[in-house]
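Pasting run.cif here (mmCIF, C-alpha atoms and all ligand atoms):
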```cif
data_start
#
loop_
_atom_site.label_atom_id
_atom_site.label_comp_id
_atom_site.auth_asym_id
_atom_site.auth_seq_id
_atom_site.Cartn_x
_atom_site.Cartn_y
_atom_site.Cartn_z
CA MET N 9 -6.93 -16.93 5.74
CA GLU N 10 -8.18 -16.92 2.16
CA TYR N 11 -7.93 -13.97 -0.17
CA PRO N 12 -10.25 -14.57 -3.10
CA PHE N 13 -9.61 -12.48 -6.16
CA ILE N 14 -13.07 -11.73 -7.54
CA GLY N 15 -13.80 -10.53 -11.07
CA ASN N 16 -14.80 -11.67 -14.55
CA HIS N 17 -13.70 -8.65 -16.54
CA HIS N 18 -11.14 -9.57 -19.19
CA SER N 19 -8.48 -7.49 -17.43
CA ILE N 20 -8.96 -9.59 -14.28
CA LYS N 21 -8.86 -12.83 -16.25
CA LYS N 22 -5.58 -11.67 -17.78
CA ILE N 23 -4.15 -10.94 -14.35
CA ARG N 24 -5.17 -14.41 -13.16
CA GLU N 25 -3.38 -15.95 -16.14
CA LEU N 26 -0.30 -13.88 -15.49
CA VAL N 27 -0.30 -14.89 -11.83
CA SER N 28 -0.44 -18.58 -12.68
CA MET N 29 2.42 -18.07 -15.15
CA VAL N 30 4.77 -16.27 -12.81
CA SER N 31 3.91 -17.70 -9.41
CA ASP N 32 6.51 -20.44 -9.55
CA MET N 33 9.27 -18.17 -10.83
CA VAL N 34 10.86 -15.93 -8.29
CA LEU N 35 10.73 -12.84 -10.48
CA ASN N 36 10.18 -9.45 -8.88
CA VAL N 37 6.64 -8.24 -9.38
CA LEU N 38 5.51 -4.61 -9.40
CA LEU N 39 1.81 -3.94 -8.81
CA LEU N 40 0.50 -0.62 -10.08
CA GLY N 41 -2.90 0.95 -9.67
CA GLU N 42 -5.06 3.40 -7.80
CA THR N 43 -5.84 2.96 -4.14
CA GLY N 44 -8.39 0.24 -3.41
CA THR N 45 -8.03 -1.59 -6.73
CA GLY N 46 -6.80 -4.81 -5.12
CA LYS N 47 -3.00 -4.59 -5.12
CA ASP N 48 -2.80 -6.23 -1.70
CA VAL N 49 -5.25 -8.88 -2.84
CA VAL N 50 -3.09 -9.74 -5.86
CA ALA N 51 0.11 -9.75 -3.80
CA ARG N 52 -1.44 -12.35 -1.49
CA PHE N 53 -2.91 -14.23 -4.43
CA LEU N 54 0.60 -14.49 -5.93
CA HIS N 55 1.88 -15.84 -2.62
CA GLN N 56 -0.97 -18.36 -2.26
CA SER N 57 -0.53 -19.56 -5.84
CA SER N 58 3.19 -20.11 -5.41
CA PRO N 59 5.27 -22.94 -3.94
CA ARG N 60 6.08 -20.46 -1.17
CA LYS N 61 2.51 -20.40 0.11
CA ASN N 62 3.36 -22.11 3.39
CA ASN N 63 6.15 -19.64 4.09
CA LYS N 64 5.73 -16.13 5.34
CA PHE N 65 4.11 -13.19 3.62
CA ILE N 66 5.67 -10.09 5.14
CA LYS N 67 4.22 -6.70 4.31
CA VAL N 68 5.94 -3.40 5.01
CA ASN N 69 4.24 -0.12 4.25
CA CYS N 70 7.02 2.13 2.99
CA ALA N 71 4.90 5.27 3.46
CA ALA N 72 3.99 4.77 7.10
CA LEU N 73 7.44 5.08 8.68
CA PRO N 74 10.12 7.77 8.61
CA LEU N 75 13.43 6.89 6.95
CA SER N 76 15.45 5.54 9.88
CA LEU N 77 12.61 3.45 11.31
CA LEU N 78 11.83 2.04 7.89
CA GLU N 79 15.47 1.13 7.43
CA SER N 80 15.68 -0.76 10.72
CA GLU N 81 12.30 -2.36 10.07
CA LEU N 82 13.50 -3.74 6.73
CA PHE N 83 17.05 -4.67 7.61
CA GLY N 84 17.04 -5.06 11.40
CA TYR N 85 19.86 -4.12 13.73
CA GLU N 86 22.35 -5.67 16.09
CA LYS N 87 22.73 -5.08 19.77
CA GLY N 88 24.45 -1.77 20.37
CA ALA N 89 23.91 -0.45 16.81
CA PHE N 90 22.54 2.77 18.33
CA THR N 91 21.37 4.04 21.71
CA GLY N 92 18.42 1.94 22.73
CA ALA N 93 19.33 -1.06 20.56
CA ASP N 94 19.55 -3.38 23.55
CA LYS N 95 19.12 -6.59 21.59
CA LEU N 96 19.39 -7.93 18.09
CA LYS N 97 16.33 -7.33 15.94
CA PRO N 98 16.05 -9.29 12.70
CA GLY N 99 14.82 -7.30 9.72
CA ARG N 100 11.61 -8.01 7.85
CA PHE N 101 13.71 -9.14 4.86
CA GLU N 102 15.11 -11.92 7.03
CA GLN N 103 11.66 -12.89 8.26
CA ALA N 104 10.50 -13.09 4.65
CA SER N 105 13.23 -15.57 3.76
CA ASP N 106 11.82 -18.32 1.49
CA GLY N 107 8.56 -16.37 1.51
CA VAL N 108 7.34 -13.04 0.16
CA MET N 109 8.57 -9.57 0.99
CA PHE N 110 5.74 -7.21 0.04
CA LEU N 111 6.94 -3.62 -0.19
CA ASP N 112 3.71 -1.66 -0.14
CA GLU N 113 3.66 1.97 -1.29
CA ILE N 114 7.20 1.64 -2.62
CA GLY N 115 6.75 4.97 -4.42
CA ASP N 116 6.90 6.68 -1.02
CA MET N 117 10.23 5.17 -0.05
CA PRO N 118 12.77 7.93 0.72
CA LEU N 119 15.55 8.23 -1.88
CA PRO N 120 18.45 7.25 0.40
CA LEU N 121 16.66 4.02 1.25
CA GLN N 122 15.91 3.40 -2.42
CA ALA N 123 19.67 3.44 -2.98
CA LYS N 124 20.19 0.94 -0.19
CA LEU N 125 17.39 -1.33 -1.38
CA LEU N 126 18.81 -1.36 -4.90
CA ASN N 127 22.17 -2.31 -3.50
CA VAL N 128 20.68 -5.11 -1.42
CA LEU N 129 18.73 -6.50 -4.37
CA GLN N 130 21.79 -6.36 -6.61
CA SER N 131 24.17 -8.02 -4.20
CA GLY N 132 21.61 -10.42 -2.72
CA GLU N 133 22.83 -9.68 0.78
CA TYR N 134 23.08 -6.97 3.41
CA ASN N 135 24.29 -6.27 6.93
CA ARG N 136 21.94 -5.51 9.77
CA LEU N 137 22.52 -1.98 11.11
CA GLY N 138 25.63 -2.11 13.23
CA GLY N 139 26.37 -5.62 12.01
CA SER N 140 29.38 -7.02 10.20
CA GLN N 141 28.06 -10.42 9.11
CA SER N 142 26.05 -10.44 5.96
CA VAL N 143 22.53 -11.77 5.70
CA LYS N 144 21.43 -13.43 2.45
CA VAL N 145 18.30 -12.17 0.76
CA ASN N 146 16.06 -15.04 -0.16
CA ALA N 147 12.68 -13.37 -0.34
CA TRP N 148 10.41 -13.01 -3.34
CA VAL N 149 10.06 -9.25 -3.71
CA ILE N 150 6.64 -7.96 -4.65
CA SER N 151 6.13 -4.22 -4.52
CA SER N 152 3.20 -1.93 -5.12
CA THR N 153 2.39 1.74 -5.50
CA ASN N 154 -0.40 4.05 -6.58
CA HIS N 155 2.17 6.57 -7.85
CA ASP N 156 2.86 7.27 -11.48
CA LEU N 157 6.44 6.04 -11.21
CA SER N 158 7.55 7.30 -14.61
CA LYS N 159 6.57 10.79 -13.48
CA ASP N 160 8.35 10.26 -10.16
CA ILE N 161 11.46 9.14 -12.04
CA LYS N 162 11.36 12.16 -14.33
CA GLU N 163 11.01 14.48 -11.34
CA GLY N 164 13.79 12.82 -9.39
CA ARG N 165 11.71 11.21 -6.66
CA PHE N 166 12.23 7.62 -7.72
CA ARG N 167 15.38 5.87 -8.92
CA GLU N 168 15.13 4.55 -12.43
CA ASP N 169 17.58 1.71 -11.76
CA LEU N 170 15.49 0.53 -8.80
CA PHE N 171 12.38 0.73 -10.95
CA TYR N 172 13.91 -1.68 -13.47
CA ARG N 173 14.92 -4.05 -10.67
CA LEU N 174 11.42 -4.17 -9.20
CA ASN N 175 9.50 -4.09 -12.45
CA VAL N 176 10.48 -7.47 -13.92
CA ILE N 177 6.82 -8.45 -14.05
CA LYS N 178 4.38 -5.55 -14.11
CA ILE N 179 0.74 -6.00 -13.10
CA GLU N 180 -1.55 -3.03 -13.64
CA MET N 181 -4.75 -3.07 -11.62
CA PRO N 182 -7.73 -1.62 -13.49
CA PRO N 183 -9.80 0.98 -11.64
CA LEU N 184 -13.29 -0.20 -10.72
CA ARG N 185 -14.91 2.36 -13.06
CA GLU N 186 -13.31 0.49 -15.98
CA ARG N 187 -14.81 -2.82 -14.96
CA LYS N 188 -18.22 -1.89 -13.68
CA GLU N 189 -19.67 -5.19 -14.88
CA ASP N 190 -17.86 -6.76 -11.92
CA ILE N 191 -19.75 -4.62 -9.39
CA PRO N 192 -22.66 -7.07 -8.82
CA LEU N 193 -20.18 -9.90 -8.34
CA LEU N 194 -18.14 -7.87 -5.88
CA VAL N 195 -21.26 -6.76 -4.02
CA ASP N 196 -22.34 -10.41 -3.59
CA TYR N 197 -18.90 -11.38 -2.42
CA LEU N 198 -18.63 -8.50 0.05
CA ILE N 199 -22.05 -9.28 1.54
CA LYS N 200 -21.10 -12.95 2.01
CA LYS N 201 -17.77 -11.98 3.49
CA ASN N 202 -19.41 -9.73 6.10
CA GLN N 203 -21.92 -12.46 6.88
CA GLN N 204 -19.15 -14.96 7.50
CA GLU N 205 -16.58 -12.79 9.19
CA LEU N 206 -18.85 -10.48 11.18
CA ASN N 207 -21.79 -12.78 11.70
CA MET N 208 -24.15 -10.39 9.97
CA GLY N 209 -27.56 -11.22 8.51
CA ASP N 210 -28.32 -11.44 4.79
CA TYR N 211 -28.70 -8.26 2.79
CA ASN N 212 -30.24 -7.32 -0.54
CA ILE N 213 -29.21 -4.22 -2.46
CA SER N 214 -32.21 -2.41 -3.90
CA PRO N 215 -32.36 -1.99 -7.71
CA GLU N 216 -32.21 1.82 -7.25
CA LEU N 217 -28.99 1.57 -5.31
CA GLN N 218 -27.54 -0.95 -7.77
CA ALA N 219 -28.20 1.58 -10.50
CA VAL N 220 -26.38 4.32 -8.58
CA PHE N 221 -23.48 1.94 -7.96
CA LEU N 222 -23.19 1.35 -11.69
CA GLN N 223 -23.12 5.05 -12.45
CA TYR N 224 -20.67 6.16 -9.82
CA ASN N 225 -16.99 6.56 -10.63
CA TRP N 226 -15.52 4.91 -7.50
CA PRO N 227 -12.40 7.00 -6.82
CA GLY N 228 -11.70 4.72 -3.85
CA ASN N 229 -12.41 1.64 -5.95
CA ILE N 230 -13.25 -1.65 -4.23
CA ARG N 231 -12.26 -0.39 -0.79
CA GLU N 232 -14.89 2.32 -1.12
CA LEU N 233 -17.51 -0.16 -2.34
CA SER N 234 -16.68 -2.40 0.59
CA ALA N 235 -17.16 0.48 3.04
CA PHE N 236 -20.62 1.23 1.63
CA ILE N 237 -21.68 -2.41 1.83
CA LEU N 238 -20.59 -2.59 5.44
CA ARG N 239 -22.53 0.56 6.32
CA LEU N 240 -25.65 -0.75 4.62
CA MET N 241 -25.42 -4.05 6.45
CA MET N 242 -25.00 -2.19 9.71
CA GLY N 243 -28.32 -0.50 9.11
CA ASP N 244 -27.53 2.78 7.32
CA ASN N 245 -30.49 3.97 5.31
CA PRO N 246 -30.01 3.04 1.60
CA ASP N 247 -31.67 6.29 0.53
CA ASN N 248 -29.10 8.30 2.48
CA ILE N 249 -26.29 6.28 0.94
CA ARG N 250 -27.75 6.91 -2.49
CA ALA N 251 -27.94 10.64 -1.86
CA GLU N 252 -24.40 10.61 -0.53
CA ILE N 253 -23.04 8.84 -3.60
CA GLU N 254 -24.89 11.16 -5.95
CA GLN N 255 -23.42 14.12 -4.16
CA LYS N 256 -19.92 12.65 -4.14
CA THR N 257 -19.90 12.40 -7.88
CA SER N 258 -18.96 16.06 -7.95
CA VAL N 259 -15.97 15.84 -5.59
CA PRO N 260 -14.05 12.70 -6.51
CA ASP N 261 -10.67 14.16 -5.62
CA ILE N 262 -11.40 14.98 -2.03
CA ASP N 263 -12.92 11.56 -1.66
CA GLY N 264 -9.93 9.77 -3.03
CA LYS N 265 -7.80 11.50 -0.42
CA ALA N 266 -10.07 10.68 2.48
CA ILE N 267 -9.99 7.07 1.43
CA SER N 268 -6.25 6.89 1.31
CA LEU N 269 -6.19 7.87 4.98
CA VAL N 270 -8.48 4.98 5.82
CA ASP N 271 -6.00 2.93 3.86
CA ALA N 272 -3.14 4.14 6.00
CA ALA N 273 -4.96 3.43 9.24
CA SER N 274 -5.75 -0.13 8.23
CA ASP N 275 -2.17 -0.67 7.12
CA ILE N 276 -0.80 0.60 10.42
CA ILE N 277 -3.08 -1.65 12.44
CA GLY N 278 -2.72 -4.60 10.08
CA ASN N 279 1.07 -4.55 10.20
CA SER N 280 1.63 -4.76 13.89
CA GLY N 281 -1.20 -7.01 15.00
CA LYS N 282 -1.60 -5.31 18.34
CA VAL N 283 -1.46 -1.57 18.48
CA SER N 284 -2.72 1.15 20.79
CA LEU N 285 -4.95 3.90 19.49
CA LYS N 286 -2.38 6.38 20.69
CA GLU N 287 0.21 4.75 18.48
CA VAL N 288 -2.17 4.79 15.52
CA LYS N 289 -2.66 8.50 16.10
CA THR N 290 1.06 9.22 16.19
CA VAL N 291 1.84 7.14 13.12
CA ALA N 292 -1.13 8.58 11.24
CA ALA N 293 -0.13 12.13 12.18
CA ASN N 294 3.43 11.49 10.99
CA TYR N 295 2.12 10.00 7.81
CA ILE N 296 -0.12 12.95 7.01
CA GLU N 297 2.62 15.38 7.93
CA LYS N 298 5.00 13.59 5.60
CA LYS N 299 2.45 13.65 2.79
CA ALA N 300 1.88 17.37 3.32
CA ILE N 301 5.61 18.11 3.28
CA ASP N 302 6.13 15.99 0.15
CA HIS N 303 3.24 17.74 -1.52
CA VAL N 304 4.49 21.25 -0.77
CA LEU N 305 8.03 20.26 -1.72
CA SER N 306 6.83 19.16 -5.11
CA MET N 307 4.77 22.35 -5.43
CA THR N 308 7.90 24.40 -4.80
CA ASN N 309 10.14 22.16 -6.90
CA GLY N 310 12.00 21.06 -3.83
CA ASN N 311 12.66 24.55 -2.49
CA LYS N 312 12.99 23.99 1.25
CA VAL N 313 12.97 27.64 2.26
CA LYS N 314 9.69 28.22 0.42
CA THR N 315 8.29 24.95 1.73
CA ALA N 316 9.00 25.90 5.34
CA LYS N 317 7.37 29.28 4.75
CA ILE N 318 4.21 27.81 3.27
CA LEU N 319 3.90 25.27 6.07
CA LYS N 320 4.62 28.00 8.64
CA ILE N 321 7.46 26.11 10.27
CA SER N 322 11.11 27.04 10.63
CA TYR N 323 13.69 25.75 8.19
CA LYS N 324 15.25 23.83 11.05
CA THR N 325 11.97 22.12 11.91
CA LEU N 326 11.53 21.16 8.27
CA PHE N 327 15.09 19.88 8.26
CA ASN N 328 14.39 17.73 11.32
CA LYS N 329 11.13 16.44 9.98
CA MET N 330 12.78 15.40 6.74
CA GLY N 331 15.29 13.34 8.71
CA GLY N 332 18.13 11.85 6.67
CA GLU N 333 16.49 12.82 3.42
CA LEU N 334 17.72 16.36 3.48
CA LYS N 335 21.34 15.32 3.70
CA ALA N 336 21.15 12.77 0.97
CA GLN N 337 19.21 14.98 -1.44
CA GLY N 338 21.60 17.88 -1.00
N1 LIG N 401 -10.73 -8.55 -6.87
C1 LIG N 401 -11.08 -8.46 -5.57
N2 LIG N 401 -11.80 -9.45 -5.01
C2 LIG N 401 -12.19 -9.35 -3.73
N3 LIG N 401 -11.91 -8.33 -2.92
C3 LIG N 401 -11.20 -7.33 -3.41
C4 LIG N 401 -10.73 -7.34 -4.76
N4 LIG N 401 -10.03 -6.23 -4.97
C5 LIG N 401 -10.05 -5.55 -3.82
N5 LIG N 401 -10.76 -6.19 -2.87
C6 LIG N 401 -11.02 -5.71 -1.50
O1 LIG N 401 -11.02 -4.29 -1.55
C7 LIG N 401 -10.26 -3.73 -0.51
C8 LIG N 401 -9.09 -2.94 -1.07
O2 LIG N 401 -8.19 -3.83 -1.73
P1 LIG N 401 -6.60 -3.70 -1.55
O3 LIG N 401 -5.99 -4.92 -2.14
O4 LIG N 401 -6.26 -3.40 -0.13
O5 LIG N 401 -6.33 -2.43 -2.49
P2 LIG N 401 -4.97 -1.61 -2.74
O6 LIG N 401 -3.86 -2.37 -2.07
O7 LIG N 401 -4.84 -1.56 -4.23
O8 LIG N 401 -5.20 -0.26 -2.17
C9 LIG N 401 -9.83 -4.89 0.37
O9 LIG N 401 -10.74 -5.04 1.42
C10 LIG N 401 -9.90 -6.08 -0.55
O10 LIG N 401 -10.16 -7.26 0.14
MG MG N 402 -2.61 -1.66 -0.53
#
```

Now, as a test, write the supplied structure out as structure tokens.
Amino acid sequence: MEYPFIGNHHSIKKIRELVSMVSDMVLNVLLLGETGTGKDVVARFLHQSSPRKNNKFIKVNCAALPLSLLESELFGYEKGAFTGADKLKPGRFEQASDGVMFLDEIGDMPLPLQAKLLNVLQSGEYNRLGGSQSVKVNAWVISSTNHDLSKDIKEGRFREDLFYRLNVIKIEMPPLRERKEDIPLLVDYLIKKNQQELNMGDYNISPELQAVFLQYNWPGNIRELSAFILRLMMGDNPDNIRAEIEQKTSVPDIDGKAISLVDAASDIIGNSGKVSLKEVKTVAANYIEKKAIDHVLSMTNGNKVKTAKILKISYKTLFNKMGGELKAQG
């Protein structure tokens, strides 16, 4: 599969130059930027531009799984490591050996796991859960987040030492509103892509709609643009889309949030290849629950009693839902 990285804006040209400079050095890359700005695209572009392109690109979404599942996903386990571990499961880090380990939404990684990841990156090896033999880390680590990590560090949600480990090369993705001149190019590309991948007919965007596209602020960035193009090509009335965009201009925040849920759903499905809708529901519900808890915890400065009260759950339920995090954070 190809992942073209479209754009002529000087910021995109700079990113292309940077990619060609670093793609044959195995230096950790941190991708920063709002949702939908193309962090996944650049991660894959790095991989495809590198000598590792024929080896695996493994992506793990650090926000979609609770602590213990994320830990076993990353590092694997050995038979008998815990009840139900009936056979050895290699971790994603192992699968990414000689390839790329893409840690998506790293800003959402629970603190105890941040400590473990730092340790693994420093020592270059780790044990599978329940294992005694060490596994060498030989993956190129690319991570990404839409968080403001310096704020997270200041507020104790992200480890500064891990940040320095991951942030050897920093790539900041510009929001679409700062490179609106690329919109026509992206629109053309997205139309062609739908034609090829979904066997759709040709489509022309009306000048009126183009004008609205150029005015809009795109809180969901290219992902949002892509969703509109798809709807238009599926037959949605362009006038309705125009009215919708004009109305959205007043509620960018709510929009941004709705889009990040779409994001989560596609990540959940994309990661596993085959997945039941029931599973998607469970994972999505857990994800939203986790986001809500994190949000209220930050509102209350980490006060768990207050948090439980606001969310109308018992302290014990909150404790359970926070899993290992509560212990490690004191
Ligand atoms: N520069 C680009 N060229 C082509 N497609 C892009 C570009 N940037 C983003 N996209 C498309 O927009 C959508 C969102 O991009 P993605 O990389 O998933 O964003 P992020 O990871 O930053 O949330 C994807 O469908 C992706 O293919
Ligand atoms: Mg992404």

Legend entry - Expected selection as a PyMOL selection string for ligand LIG 401 (chain N) within 8 Å, all atoms listed in the file: chain N and resi 11-15+20+40-51+112+152+154+181+194+197-198+229-234+271

Inset, instruction - Please measure the separation of atom CA of N:Arg165 and atom CA of N:Lys314, giving the value in Å to one decimal. - result: 18.5 Å

Please, what is the axis-aligned box for every listed atom of stretch 183-195 of chain N with 4 Å on each side, as centre and edge lengths in Å to one decimal, as JSON?
```
{"center_x": -16.2, "center_y": -3.8, "center_z": -10.0, "size_x": 20.9, "size_y": 20.3, "size_z": 20.0}
```

Legend entry - Test item: residues at most 10 Å from stretch 220-222 of chain N, all atoms listed in the file, excluding those fewer than 2 positions along its chain, as a ChimeraX atom specification: /N:185,187-192,195,215-218,224-226,233,249-251,253-254

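Comparing N:Asp169, N:Asp32, N:Glu10, N:Glu186 by their smallest distance to N:Lys124, the closest is N:Asp169 (using all atoms listed in the file).
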
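Candidate residues N:Leu206, N:Val37, N:Asp302, N:Tyr211 were compared for distance to N:Ala71, and the nearest is N:Asp302, using only C-alpha atoms.
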
N, CA and C atoms for stretch 144-159 of chain N, written as a CSV table (one decimal), in the frame of the given file, could you do that?
```csv
chain,number,residue,atom,x,y,z
N,144,LYS,N,21.8,-13.2,3.8
N,144,LYS,CA,21.4,-13.4,2.4
N,144,LYS,C,20.0,-13.1,2.2
N,145,VAL,N,19.7,-12.5,1.1
N,145,VAL,CA,18.3,-12.2,0.8
N,145,VAL,C,17.7,-13.3,0.0
N,146,ASN,N,16.7,-13.9,0.5
N,146,ASN,CA,16.1,-15.0,-0.2
N,146,ASN,C,14.5,-14.9,-0.2
N,147,ALA,N,14.1,-13.6,-0.3
N,147,ALA,CA,12.7,-13.4,-0.3
N,147,ALA,C,12.2,-13.0,-1.8
N,148,TRP,N,11.0,-13.4,-2.1
N,148,TRP,CA,10.4,-13.0,-3.3
N,148,TRP,C,9.9,-11.6,-3.1
N,149,VAL,N,10.4,-10.7,-3.9
N,149,VAL,CA,10.1,-9.2,-3.7
N,149,VAL,C,8.9,-8.8,-4.6
N,150,ILE,N,7.8,-8.5,-4.0
N,150,ILE,CA,6.6,-8.0,-4.6
N,150,ILE,C,6.4,-6.5,-4.1
N,151,SER,N,6.3,-5.6,-5.0
N,151,SER,CA,6.1,-4.2,-4.5
N,151,SER,C,4.9,-3.6,-5.2
N,152,SER,N,4.4,-2.5,-4.6
N,152,SER,CA,3.2,-1.9,-5.1
N,152,SER,C,3.2,-0.4,-4.8
N,153,THR,N,2.5,0.3,-5.7
N,153,THR,CA,2.4,1.7,-5.5
N,153,THR,C,1.2,2.3,-6.3
N,154,ASN,N,0.6,3.4,-5.8
N,154,ASN,CA,-0.4,4.0,-6.6
N,154,ASN,C,0.2,5.3,-7.3
N,155,HIS,N,1.5,5.4,-7.2
N,155,HIS,CA,2.2,6.6,-7.8
N,155,HIS,C,2.3,6.3,-9.3
N,156,ASP,N,2.4,7.4,-10.1
N,156,ASP,CA,2.9,7.3,-11.5
N,156,ASP,C,4.4,7.3,-11.4
N,157,LEU,N,5.0,6.1,-11.5
N,157,LEU,CA,6.4,6.0,-11.2
N,157,LEU,C,7.2,6.7,-12.3
N,158,SER,N,6.7,6.7,-13.6
N,158,SER,CA,7.6,7.3,-14.6
N,158,SER,C,7.6,8.8,-14.4
N,159,LYS,N,6.5,9.4,-13.8
N,159,LYS,CA,6.6,10.8,-13.5
N,159,LYS,C,7.5,11.0,-12.3
```
